[in-house]
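Next comes input-v6.csv, a file with CSV, C-alpha atoms.
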chain,number,residue,atom,x,y,z
A,1,MET,CA,80.5,5.1,64.4
A,2,SER,CA,78.5,7.1,67.1
A,3,GLN,CA,77.9,10.8,66.7
A,4,HIS,CA,77.0,13.7,69.0
A,5,VAL,CA,73.6,15.2,68.3
A,6,LEU,CA,75.2,18.4,67.2
A,7,ASN,CA,77.0,16.6,64.4
A,8,LEU,CA,73.6,15.8,62.9
A,9,ILE,CA,72.8,19.5,62.2
A,10,GLY,CA,73.3,20.4,58.6
A,11,ASN,CA,74.5,18.4,55.6
A,12,THR,CA,70.8,17.8,54.8
A,13,PRO,CA,70.0,16.3,51.3
A,14,LEU,CA,68.5,18.0,48.3
A,15,ILE,CA,65.2,16.5,47.2
A,16,ARG,CA,63.9,16.9,43.6
A,17,LEU,CA,60.3,18.1,43.8
A,18,GLU,CA,58.8,16.2,41.0
A,19,GLY,CA,55.5,18.0,40.5
A,20,PRO,CA,56.9,21.6,40.6
A,21,SER,CA,59.8,20.4,38.4
A,22,ARG,CA,57.4,19.0,35.7
A,23,GLU,CA,55.2,22.1,35.8
A,24,THR,CA,58.1,24.6,35.3
A,25,GLY,CA,60.5,22.6,33.1
A,26,CYS,CA,63.2,23.2,35.7
A,27,GLU,CA,64.9,21.3,38.4
A,28,ILE,CA,63.2,22.4,41.6
A,29,LEU,CA,65.2,21.2,44.5
A,30,GLY,CA,64.3,21.5,48.2
A,31,LYS,CA,66.9,21.3,51.0
A,32,ALA,CA,65.4,18.9,53.5
A,33,GLU,CA,66.0,21.1,56.6
A,34,PHE,CA,63.2,19.2,58.5
A,35,LEU,CA,65.7,16.4,58.9
A,36,ASN,CA,67.8,18.4,61.4
A,37,PRO,CA,67.5,16.9,65.0
A,38,GLY,CA,65.3,19.8,66.2
A,39,GLY,CA,63.1,19.4,63.1
A,40,SER,CA,63.8,22.7,61.3
A,41,VAL,CA,66.3,24.9,59.5
A,42,LYS,CA,66.5,26.9,62.8
A,43,ASP,CA,68.8,24.3,64.3
A,44,ARG,CA,71.5,25.9,62.1
A,45,THR,CA,70.7,29.3,63.4
A,46,ALA,CA,70.9,28.1,67.0
A,47,LEU,CA,74.2,26.3,66.6
A,48,GLY,CA,75.8,29.2,64.7
A,49,ILE,CA,74.7,31.8,67.3
A,50,LEU,CA,75.7,29.7,70.3
A,51,ARG,CA,79.1,28.6,69.0
A,52,ALA,CA,79.9,32.2,68.1
A,53,ALA,CA,78.9,33.4,71.5
A,54,GLU,CA,81.0,30.7,73.2
A,55,ALA,CA,84.0,31.7,71.1
A,56,SER,CA,83.6,35.4,71.9
A,57,GLY,CA,83.0,34.8,75.6
A,58,GLU,CA,79.5,36.3,75.6
A,59,LEU,CA,78.1,32.8,76.5
A,60,LYS,CA,79.8,31.5,79.6
A,61,PRO,CA,79.4,28.1,81.3
A,62,GLY,CA,76.3,28.0,83.5
A,63,ALA,CA,74.6,30.8,81.7
A,64,THR,CA,70.9,30.8,80.7
A,65,ILE,CA,70.1,31.3,77.0
A,66,VAL,CA,67.1,33.6,76.4
A,67,GLU,CA,65.3,34.2,73.1
A,68,GLY,CA,62.1,35.5,71.7
A,69,THR,CA,60.9,33.3,68.8
A,70,ALA,CA,57.9,32.1,66.8
A,71,GLY,CA,58.8,28.6,67.8
A,72,ASN,CA,61.4,26.8,65.7
A,73,THR,CA,64.4,28.9,66.8
A,74,GLY,CA,63.3,28.2,70.3
A,75,ILE,CA,63.3,24.5,69.6
A,76,GLY,CA,66.7,24.7,68.0
A,77,LEU,CA,68.1,26.7,70.9
A,78,ALA,CA,66.7,24.3,73.4
A,79,THR,CA,68.1,21.3,71.5
A,80,VAL,CA,71.5,22.8,71.0
A,81,GLY,CA,71.6,24.5,74.4
A,82,ALA,CA,70.8,21.3,76.3
A,83,ALA,CA,73.5,19.4,74.3
A,84,LEU,CA,76.0,22.1,75.3
A,85,GLY,CA,74.9,22.2,78.9
A,86,TYR,CA,72.9,25.4,79.2
A,87,ASN,CA,69.4,26.3,80.5
A,88,VAL,CA,67.1,27.9,78.0
A,89,ILE,CA,64.2,30.3,78.4
A,90,ILE,CA,62.0,30.9,75.4
A,91,VAL,CA,59.4,33.7,74.9
A,92,ILE,CA,56.8,32.9,72.3
A,93,PRO,CA,53.6,34.6,71.1
A,94,ARG,CA,50.7,32.6,72.5
A,95,THR,CA,49.0,32.5,69.0
A,96,GLN,CA,51.6,30.0,67.7
A,97,SER,CA,50.4,26.6,66.8
A,98,PRO,CA,49.7,24.2,69.7
A,99,GLU,CA,51.9,21.6,68.0
A,100,LYS,CA,54.8,24.0,67.9
A,101,LYS,CA,54.3,24.9,71.5
A,102,GLY,CA,54.1,21.3,72.4
A,103,ALA,CA,57.4,20.6,70.6
A,104,LEU,CA,59.0,23.4,72.6
A,105,ALA,CA,57.7,21.9,75.9
A,106,ALA,CA,59.2,18.6,74.9
A,107,THR,CA,62.7,20.1,74.8
A,108,GLY,CA,62.7,20.8,78.5
A,109,CYS,CA,63.2,24.5,78.2
A,110,GLU,CA,61.2,27.1,80.1
A,111,VAL,CA,58.4,28.6,77.9
A,112,ILE,CA,56.9,32.0,78.5
A,113,GLU,CA,53.9,32.9,76.4
A,114,VAL,CA,53.0,36.5,75.7
A,115,ASP,CA,50.2,38.2,73.8
A,116,PRO,CA,51.0,39.1,70.1
A,117,ALA,CA,52.1,42.7,69.6
A,118,PRO,CA,53.7,44.7,66.8
A,119,PHE,CA,57.5,45.1,66.8
A,120,SER,CA,57.0,48.8,67.7
A,121,SER,CA,55.4,47.7,71.1
A,122,GLU,CA,57.5,47.0,74.2
A,123,HIS,CA,55.3,43.9,74.6
A,124,HIS,CA,56.6,42.3,71.4
A,125,PHE,CA,58.1,38.9,72.2
A,126,VAL,CA,61.6,40.0,71.0
A,127,HIS,CA,61.6,43.0,73.4
A,128,VAL,CA,60.3,40.9,76.3
A,129,SER,CA,63.0,38.4,75.8
A,130,ARG,CA,65.7,41.1,75.7
A,131,ARG,CA,64.5,42.6,78.9
A,132,LEU,CA,64.3,39.2,80.6
A,133,ALA,CA,68.0,38.6,79.7
A,134,GLU,CA,68.9,42.0,81.0
A,135,ASP,CA,67.1,41.4,84.3
A,136,LEU,CA,68.9,38.1,84.8
A,137,LYS,CA,72.2,39.8,84.3
A,138,GLU,CA,71.3,42.6,86.7
A,139,ASN,CA,70.5,40.0,89.3
A,140,GLY,CA,73.9,38.5,89.0
A,141,GLU,CA,72.8,35.5,86.9
A,142,GLY,CA,74.7,34.6,83.7
A,143,ALA,CA,72.4,35.2,80.7
A,144,PHE,CA,72.8,35.4,77.0
A,145,TRP,CA,70.2,36.9,74.7
A,146,ALA,CA,70.5,35.1,71.3
A,147,ASN,CA,69.0,38.0,69.3
A,148,GLN,CA,68.4,35.9,66.2
A,149,PHE,CA,67.1,38.8,64.1
A,150,ASP,CA,70.1,41.0,64.4
A,151,ASN,CA,72.9,38.7,65.5
A,152,LEU,CA,75.0,38.4,62.4
A,153,ALA,CA,76.4,35.0,63.5
A,154,ASN,CA,73.0,33.7,62.1
A,155,LYS,CA,73.8,34.8,58.5
A,156,LYS,CA,77.5,33.9,58.8
A,157,PHE,CA,76.7,30.3,59.8
A,158,HIS,CA,74.3,29.9,56.8
A,159,ALA,CA,76.9,31.3,54.5
A,160,GLU,CA,79.5,28.8,55.9
A,161,THR,CA,77.2,25.8,55.9
A,162,THR,CA,73.8,26.0,54.0
A,163,GLY,CA,75.1,28.0,51.1
A,164,VAL,CA,78.3,25.9,50.7
A,165,GLU,CA,76.3,22.6,50.9
A,166,ILE,CA,73.9,23.8,48.1
A,167,TRP,CA,76.8,24.7,45.9
A,168,GLU,CA,78.6,21.4,46.4
A,169,GLN,CA,75.4,19.3,46.2
A,170,THR,CA,74.5,20.8,42.8
A,171,GLY,CA,78.1,20.6,41.5
A,172,GLY,CA,78.0,24.4,41.1
A,173,LYS,CA,75.1,24.1,38.7
A,174,VAL,CA,72.6,26.3,40.5
A,175,ASP,CA,70.9,29.1,38.7
A,176,GLY,CA,68.7,30.5,41.4
A,177,PHE,CA,68.0,30.4,45.1
A,178,ILE,CA,64.9,31.7,46.8
A,179,CYS,CA,63.2,31.5,50.2
A,180,ALA,CA,61.0,33.4,52.7
A,181,ALA,CA,62.6,35.5,55.5
A,182,GLY,CA,61.9,34.6,59.1
A,183,THR,CA,65.0,36.6,60.3
A,184,GLY,CA,66.6,36.8,56.9
A,185,GLY,CA,69.7,34.8,58.0
A,186,SER,CA,69.3,31.9,55.7
A,187,LEU,CA,68.4,34.0,52.7
A,188,ALA,CA,71.2,36.5,53.2
A,189,GLY,CA,73.8,33.8,54.2
A,190,VAL,CA,73.0,31.5,51.2
A,191,ALA,CA,73.0,34.5,48.9
A,192,GLU,CA,76.5,35.5,50.1
A,193,ALA,CA,77.9,32.0,49.7
A,194,LEU,CA,76.4,31.4,46.2
A,195,ARG,CA,77.3,34.8,44.8
A,196,ALA,CA,80.9,34.5,46.0
A,197,ARG,CA,81.1,31.4,43.8
A,198,ASN,CA,79.0,32.7,40.9
A,199,PRO,CA,77.8,36.3,40.9
A,200,ASN,CA,75.1,35.4,38.3
A,201,VAL,CA,73.1,33.2,40.6
A,202,ALA,CA,69.6,34.7,40.8
A,203,ILE,CA,68.5,35.4,44.4
A,204,GLY,CA,64.9,35.9,45.3
A,205,ILE,CA,62.5,36.3,48.2
A,206,ALA,CA,59.1,34.7,48.6
A,207,ASP,CA,57.1,36.8,51.0
A,208,PRO,CA,53.8,35.8,52.5
A,209,ALA,CA,50.8,38.1,52.4
A,210,GLY,CA,50.8,40.5,55.4
A,211,ALA,CA,54.6,40.9,55.3
A,212,SER,CA,56.4,44.0,54.1
A,213,LEU,CA,59.5,42.7,52.3
A,214,PHE,CA,57.9,42.2,48.9
A,215,SER,CA,56.9,45.8,48.9
A,216,TYR,CA,60.4,46.9,50.2
A,217,TYR,CA,62.3,45.0,47.4
A,218,THR,CA,59.9,46.2,44.7
A,219,SER,CA,59.2,49.7,45.7
A,220,GLY,CA,61.6,50.6,48.5
A,221,GLU,CA,58.8,51.1,51.0
A,222,LEU,CA,58.0,48.8,53.9
A,223,ARG,CA,54.3,48.2,53.3
A,224,SER,CA,52.1,45.2,54.1
A,225,GLU,CA,49.0,43.9,52.4
A,226,GLY,CA,46.6,41.2,53.4
A,227,SER,CA,47.3,38.4,56.0
A,228,SER,CA,48.6,34.9,56.1
A,229,ILE,CA,48.2,31.8,58.2
A,230,THR,CA,51.9,31.0,58.0
A,231,GLU,CA,54.1,31.2,61.1
A,232,GLY,CA,57.6,32.3,61.6
A,233,ILE,CA,58.1,34.0,58.3
A,234,GLY,CA,57.2,37.5,57.0
A,235,LEU,CA,58.9,40.6,58.4
A,236,GLY,CA,57.9,44.2,58.8
A,237,ARG,CA,61.4,45.6,59.1
A,238,ILE,CA,64.9,45.2,57.7
A,239,THR,CA,66.7,43.1,60.3
A,240,GLY,CA,70.4,43.0,60.8
A,241,GLN,CA,70.6,39.9,58.6
A,242,LEU,CA,69.1,41.8,55.7
A,243,GLN,CA,71.1,44.9,55.9
A,244,GLY,CA,72.7,45.5,52.5
A,245,LEU,CA,71.2,42.5,50.8
A,246,LYS,CA,70.3,43.1,47.1
A,247,LEU,CA,67.8,40.8,45.5
A,248,ASP,CA,67.1,40.0,41.9
A,249,HIS,CA,63.5,38.9,42.3
A,250,ALA,CA,60.7,39.3,44.9
A,251,PHE,CA,57.3,37.5,44.9
A,252,ARG,CA,54.3,37.8,47.2
A,253,VAL,CA,52.7,34.4,47.8
A,254,GLU,CA,49.1,34.1,49.0
A,255,ASP,CA,47.8,31.3,51.2
A,256,ALA,CA,45.4,30.1,48.6
A,257,GLU,CA,48.3,29.6,46.2
A,258,PHE,CA,50.7,27.6,48.4
A,259,LEU,CA,48.2,25.3,50.1
A,260,PRO,CA,47.3,23.2,47.1
A,261,VAL,CA,51.0,22.8,46.4
A,262,LEU,CA,51.5,21.4,49.9
A,263,PHE,CA,48.6,19.0,49.5
A,264,ASP,CA,49.9,17.7,46.2
A,265,LEU,CA,53.3,17.0,47.8
A,266,VAL,CA,51.6,15.0,50.5
A,267,ARG,CA,49.6,12.9,48.1
A,268,GLU,CA,52.0,12.5,45.2
A,269,GLU,CA,55.5,12.7,46.8
A,270,GLY,CA,55.0,11.7,50.4
A,271,LEU,CA,56.2,15.0,51.7
A,272,SER,CA,54.3,16.7,54.5
A,273,LEU,CA,55.7,20.2,55.0
A,274,GLY,CA,55.0,23.4,56.9
A,275,GLY,CA,53.7,26.7,55.5
A,276,SER,CA,57.0,28.3,55.0
A,277,SER,CA,58.0,25.4,52.7
A,278,GLY,CA,54.9,26.0,50.7
A,279,VAL,CA,55.7,29.7,50.3
A,280,ASN,CA,59.3,28.7,49.4
A,281,ILE,CA,58.2,26.2,46.8
A,282,VAL,CA,55.8,28.5,45.1
A,283,GLY,CA,58.5,31.1,45.1
A,284,ALA,CA,60.9,28.6,43.4
A,285,MET,CA,58.3,27.9,40.8
A,286,ARG,CA,57.7,31.6,40.1
A,287,LEU,CA,61.5,32.1,39.9
A,288,ALA,CA,61.8,29.1,37.5
A,289,LYS,CA,59.2,30.6,35.2
A,290,LYS,CA,61.1,33.9,35.2
A,291,LEU,CA,64.4,32.4,34.4
A,292,GLY,CA,63.1,29.9,31.8
A,293,PRO,CA,63.2,26.1,31.4
A,294,GLY,CA,66.2,24.0,32.0
A,295,LYS,CA,67.4,25.9,35.1
A,296,THR,CA,68.1,24.6,38.6
A,297,ILE,CA,66.4,26.4,41.4
A,298,VAL,CA,67.0,25.6,45.1
A,299,THR,CA,64.8,26.4,48.1
A,300,LEU,CA,64.5,25.4,51.7
A,301,LEU,CA,62.0,22.8,53.1
A,302,CYS,CA,62.1,24.4,56.5
A,303,ASP,CA,60.0,22.1,58.7
A,304,ALA,CA,57.4,19.3,58.7
A,305,GLY,CA,53.7,19.6,58.4
A,306,SER,CA,53.2,17.8,61.8
A,307,ARG,CA,53.9,21.1,63.5
A,308,TYR,CA,50.8,22.7,61.9
A,309,VAL,CA,48.2,19.8,61.8
A,310,GLY,CA,45.6,22.0,63.6
A,311,ARG,CA,45.9,24.7,60.9
A,312,LEU,CA,47.4,23.9,57.6
A,313,TYR,CA,46.0,20.5,57.5
A,314,ASN,CA,42.7,21.1,59.4
A,315,ALA,CA,39.8,21.3,56.9
A,316,ASP,CA,37.5,23.1,59.3
A,317,TYR,CA,40.2,25.8,60.2
A,318,LEU,CA,40.8,26.4,56.5
A,319,ALA,CA,37.2,26.3,55.4
A,320,ALA,CA,36.4,28.9,58.0
A,321,ARG,CA,38.8,31.2,56.2
A,322,ASN,CA,37.6,30.3,52.7
A,323,LEU,CA,40.9,28.6,51.9
A,324,PRO,CA,41.6,25.4,50.0
A,325,VAL,CA,41.2,22.3,52.1
A,326,PRO,CA,43.1,19.0,51.9
A,327,PRO,CA,41.5,17.0,49.1
A,328,TRP,CA,41.4,13.9,51.4
A,329,SER,CA,39.2,15.8,53.9
A,330,GLY,CA,35.9,15.2,52.1
A,331,LYS,CA,35.0,18.9,52.2
A,332,PRO,CA,34.4,21.0,49.1
A,333,PRO,CA,37.7,22.5,47.8
A,334,HIS,CA,36.8,26.0,48.9
A,335,ALA,CA,34.2,25.3,51.6
A,336,SER,CA,33.3,28.3,53.8
A,337,ILE,CA,31.3,28.6,56.9
A,338,ALA,CA,30.2,32.1,55.7
A,339,LYS,CA,27.1,31.5,53.6

Starting from the coordinates I provided, produce the structure as structure tokens.
Amino acid sequence: MSQHVLNLIGNTPLIRLEGPSRETGCEILGKAEFLNPGGSVKDRTALGILRAAEASGELKPGATIVEGTAGNTGIGLATVGAALGYNVIIVIPRTQSPEKKGALAATGCEVIEVDPAPFSSEHHFVHVSRRLAEDLKENGEGAFWANQFDNLANKKFHAETTGVEIWEQTGGKVDGFICAAGTGGSLAGVAEALRARNPNVAIGIADPAGASLFSYYTSGELRSEGSSITEGIGLGRITGQLQGLKLDHAFRVEDAEFLPVLFDLVREEGLSLGGSSGVNIVGAMRLAKKLGPGKTIVTLLCDAGSRYVGRLYNADYLAARNLPVPPWSGKPPHASIAK
């Protein structure tokens, strides 16, 4: 039976991560979001936001969808937008990986690159995209600003799909869920769905270095420390998705901690994943050790490693930053150009 491409979004399988499960004595399960047609969990975000906007009348036929994104939401919006008959304009920081920008270009959307800037600056990609949508409207053109960070259709769709799928796929035997926050939509949405079914499910956040949510959920203060080579995760503010979210656990995950986990998954389990998945898996392992053996912990495998070949899997790039390199590269494990 044939299917529309939009019917392929969601209902992704859970994969048992053998190495992390053995190490922790728990069932560590990853939801294979890289199998969505646009290649990431952000396909869900895109579909949820656009369907809600159509239903409310905010998104009208012939309109242009505009969004600021680190990449994957843009790919999702372009994929879903094209399938629904809309033009899409994506504003992205020019520092994102070439592979991700190439994937965006292959979707047929218009891509506008901007210099990186803090959220407090008017030049931040989110603010640039909002003004662009406003300008299009003022010029009489139909436009819709997706606003993934604060549009609650994002969280709602994850609650209705991702969280429900996890509950059903585990037969309700899930003890904990954890992931990083890009917008916070998947974390908050899954938390809502699981807690509605079992208030005792432990919910945690895995935060990369350089982000502020670990500090916020442990001390109440938005404070960042260090830096990370990850993309698309790590927030410096409480987005609309995260408003009111209470967490049971918070962990900061350093690049040097998650990279070897990613490399082991490639060599031992045939899984090549992006940096956010590495952060998520380490977070799941930390949560498992907190909860004790025999528990079932679920996280998200957000996208594939092919979008980060030039960074996460590039020995020269990693060695220059004194980070672990892929063991198949032939370079020393912690090679550095700084001698």

Which residues are close to segment 284-298 of chain A, i.e. within 12 Å by only C-alpha atoms, leaving aside same-chain residues fewer than 6 positions away? Reply as number ranges by chain. A: 13-32, 162-163, 165-167, 169-180, 187, 190-191, 194, 200-207, 248-253, 257-258, 261, 277-278

Closest contacts (segment 197-231 of chain A/segment 303-314 of chain A, max 12 Å, only C-alpha atoms) as a Markdown table:
| residue | atom | partner | partner_atom | distance |
| --- | --- | --- | --- | --- |
| A:Ser228 | CA | A:Leu312 | CA | 11.2 |
| A:Ile229 | CA | A:Arg311 | CA | 7.9 |
| A:Thr230 | CA | A:Leu312 | CA | 8.4 |
| A:Glu231 | CA | A:Tyr308 | CA | 9.2 |

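We find atom CA of Ala53 of chain A and atom CA of Gly39 of chain A to be spaced 22.7 Å apart.
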
Mind pulling up the distance from atom CA of Val88 of chain A to atom CA of Gly76 of chain A?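 The value is 10.5 Å.
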
Just how far from atom CA of Val128 of chain A is atom CA of Ser186 of chain A, in Å to one decimal?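 Distance reported for this atom pair: 24.2 Å.
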
Taking only residues of segment 66-102 of chain A that have an atom at most 12 Å from an atom of segment 149-159 of chain A, what is each one's shortest atom pair and its distance in Å to one decimal, using all atoms listed in the file, in chain and number order, as a Markdown table?
| residue | atom | partner | partner_atom | distance |
| --- | --- | --- | --- | --- |
| A:Glu67 | CA | A:Phe149 | CA | 10.3 |
| A:Gly68 | CA | A:Phe149 | CA | 9.7 |
| A:Thr69 | CA | A:Phe149 | CA | 9.5 |
| A:Ala70 | CA | A:Phe149 | CA | 11.7 |
| A:Thr73 | CA | A:Phe149 | CA | 10.6 |

Residue nearest Leu271 of chain A - candidates A:Phe34, A:Ala209, A:Phe119, A:Val126, atoms counted: only C-alpha atoms: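 Checking each of A:Phe34, A:Ala209, A:Phe119, A:Val126 against Leu271 of chain A, counting only C-alpha atoms, the winner is A:Phe34.
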
Taking only C-alpha atoms into account, name the residue in A:Leu265, A:Ala188, A:Leu323, A:Leu47 that is nearest to Leu247 of chain A. A:Ala188

With all atoms listed in the file as the basis for distance, which of A:Arg321, A:His127, A:Arg237, A:Arg51 is at the shortest distance from Gly182 of chain A? A:Arg237

Among listed residues A:Pro37, A:Ala55, A:Gly232, A:Gly270, nearest Lys100 of chain A (using all atoms listed in the file):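 Going through A:Pro37, A:Ala55, A:Gly232, A:Gly270 one by one, the smallest distance to Lys100 of chain A is for A:Gly232.
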
Considering all atoms listed in the file, state which residue in the set A:Ala117, A:Gln148, A:Thr64, A:Arg44 is at the smallest distance from Arg94 of chain A. A:Ala117

Within 6 Å of segment 9-11 of chain A, counting all atoms listed in the file, which residues show up once you throw out same-chain ones fewer than 2 positions away? Write them as JSON, numbers by chain, please. {"A": [6, 7, 36]}

Selection near Ala211 of chain A, 8 Å with all atoms listed in the file, sequence-local residues under 3 positions removed, as a list in words: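 Those residues are Asp207, Pro208, Phe214, Arg223, Ser224, Glu225, Ser227, Gly234, Leu235 and Gly236 of chain A.
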
Rank nothing, just name the residue among A:Gly220, A:Pro260, A:Gly74, A:Pro118 nearest to Trp328 of chain A, using all atoms listed in the file.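 Of A:Gly220, A:Pro260, A:Gly74, A:Pro118, the one nearest Trp328 of chain A, counting all atoms listed in the file, is A:Pro260.
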
Would you kindly return, as a VMD selection string, each protein, DNA or RNA residue with an atom no farther than 10 Å from any atom of Gly62 of chain A, considering all atoms listed in the file and excluding same-chain residues fewer than 2 positions away? chain A and resid 59 to 60 64 to 65 85 to 87 141 to 143

Any chance you could export the current selection's C-alpha atoms as a PDB file, keeping the file's coordinate frame?
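What follows is the written file again11.pdb:
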ATOM      1  CA  LEU A  59      78.100  32.800  76.500  1.00  0.00           C
ATOM      2  CA  LYS A  60      79.800  31.500  79.600  1.00  0.00           C
ATOM      3  CA  THR A  64      70.900  30.800  80.700  1.00  0.00           C
ATOM      4  CA  ILE A  65      70.100  31.300  77.000  1.00  0.00           C
ATOM      5  CA  GLY A  85      74.900  22.200  78.900  1.00  0.00           C
ATOM      6  CA  TYR A  86      72.900  25.400  79.200  1.00  0.00           C
ATOM      7  CA  ASN A  87      69.400  26.300  80.500  1.00  0.00           C
ATOM      8  CA  GLU A 141      72.800  35.500  86.900  1.00  0.00           C
ATOM      9  CA  GLY A 142      74.700  34.600  83.700  1.00  0.00           C
ATOM     10  CA  ALA A 143      72.400  35.200  80.700  1.00  0.00           C
TER      11      ALA A 143
END

Complete segment 129-152 of chain A at the level of N, CA and C atoms, written as a short mmCIF file (atom, residue, chain, number, x, y, z; two decimals), keeping the file's coordinate frame.
data_model
loop_
_atom_site.label_atom_id
_atom_site.label_comp_id
_atom_site.auth_asym_id
_atom_site.auth_seq_id
_atom_site.Cartn_x
_atom_site.Cartn_y
_atom_site.Cartn_z
N SER A 129 61.90 39.27 75.58
CA SER A 129 63.00 38.40 75.80
C SER A 129 64.31 39.14 76.11
N ARG A 130 64.52 40.26 75.42
CA ARG A 130 65.70 41.10 75.70
C ARG A 130 65.72 41.60 77.12
N ARG A 131 64.55 42.12 77.56
CA ARG A 131 64.50 42.60 78.90
C ARG A 131 64.67 41.54 79.96
N LEU A 132 64.17 40.36 79.67
CA LEU A 132 64.30 39.20 80.60
C LEU A 132 65.81 38.89 80.74
N ALA A 133 66.54 38.86 79.64
CA ALA A 133 68.00 38.60 79.70
C ALA A 133 68.71 39.68 80.49
N GLU A 134 68.32 40.93 80.26
CA GLU A 134 68.90 42.00 81.00
C GLU A 134 68.66 41.95 82.48
N ASP A 135 67.45 41.58 82.85
CA ASP A 135 67.10 41.40 84.30
C ASP A 135 67.89 40.33 84.93
N LEU A 136 68.07 39.23 84.23
CA LEU A 136 68.90 38.10 84.80
C LEU A 136 70.29 38.56 85.05
N LYS A 137 70.84 39.32 84.11
CA LYS A 137 72.20 39.80 84.30
C LYS A 137 72.31 40.77 85.47
N GLU A 138 71.32 41.66 85.59
CA GLU A 138 71.30 42.60 86.70
C GLU A 138 71.22 41.95 88.04
N ASN A 139 70.58 40.78 88.05
CA ASN A 139 70.50 40.00 89.30
C ASN A 139 71.64 39.10 89.54
N GLY A 140 72.67 39.26 88.73
CA GLY A 140 73.90 38.50 89.00
C GLY A 140 73.90 37.12 88.35
N GLU A 141 72.87 36.81 87.54
CA GLU A 141 72.80 35.50 86.90
C GLU A 141 73.38 35.61 85.48
N GLY A 142 74.13 34.62 85.08
CA GLY A 142 74.70 34.60 83.70
C GLY A 142 73.54 34.44 82.72
N ALA A 143 73.48 35.29 81.74
CA ALA A 143 72.40 35.20 80.70
C ALA A 143 72.98 35.63 79.38
N PHE A 144 72.45 35.03 78.33
CA PHE A 144 72.80 35.40 77.00
C PHE A 144 71.57 35.52 76.13
N TRP A 145 71.38 36.71 75.54
CA TRP A 145 70.20 36.90 74.70
C TRP A 145 70.67 36.60 73.23
N ALA A 146 70.02 35.61 72.63
CA ALA A 146 70.50 35.10 71.30
C ALA A 146 70.26 36.13 70.20
N ASN A 147 69.17 36.90 70.24
CA ASN A 147 69.00 38.00 69.30
C ASN A 147 69.08 37.54 67.84
N GLN A 148 68.31 36.51 67.49
CA GLN A 148 68.40 35.90 66.20
C GLN A 148 68.20 36.85 65.00
N PHE A 149 67.39 37.89 65.19
CA PHE A 149 67.10 38.80 64.10
C PHE A 149 68.23 39.69 63.69
N ASP A 150 69.05 40.07 64.65
CA ASP A 150 70.10 41.00 64.40
C ASP A 150 71.52 40.52 64.68
N ASN A 151 71.62 39.33 65.25
CA ASN A 151 72.90 38.70 65.50
C ASN A 151 73.48 38.15 64.24
N LEU A 152 74.54 38.73 63.72
CA LEU A 152 75.00 38.40 62.40
C LEU A 152 75.71 36.98 62.37
#
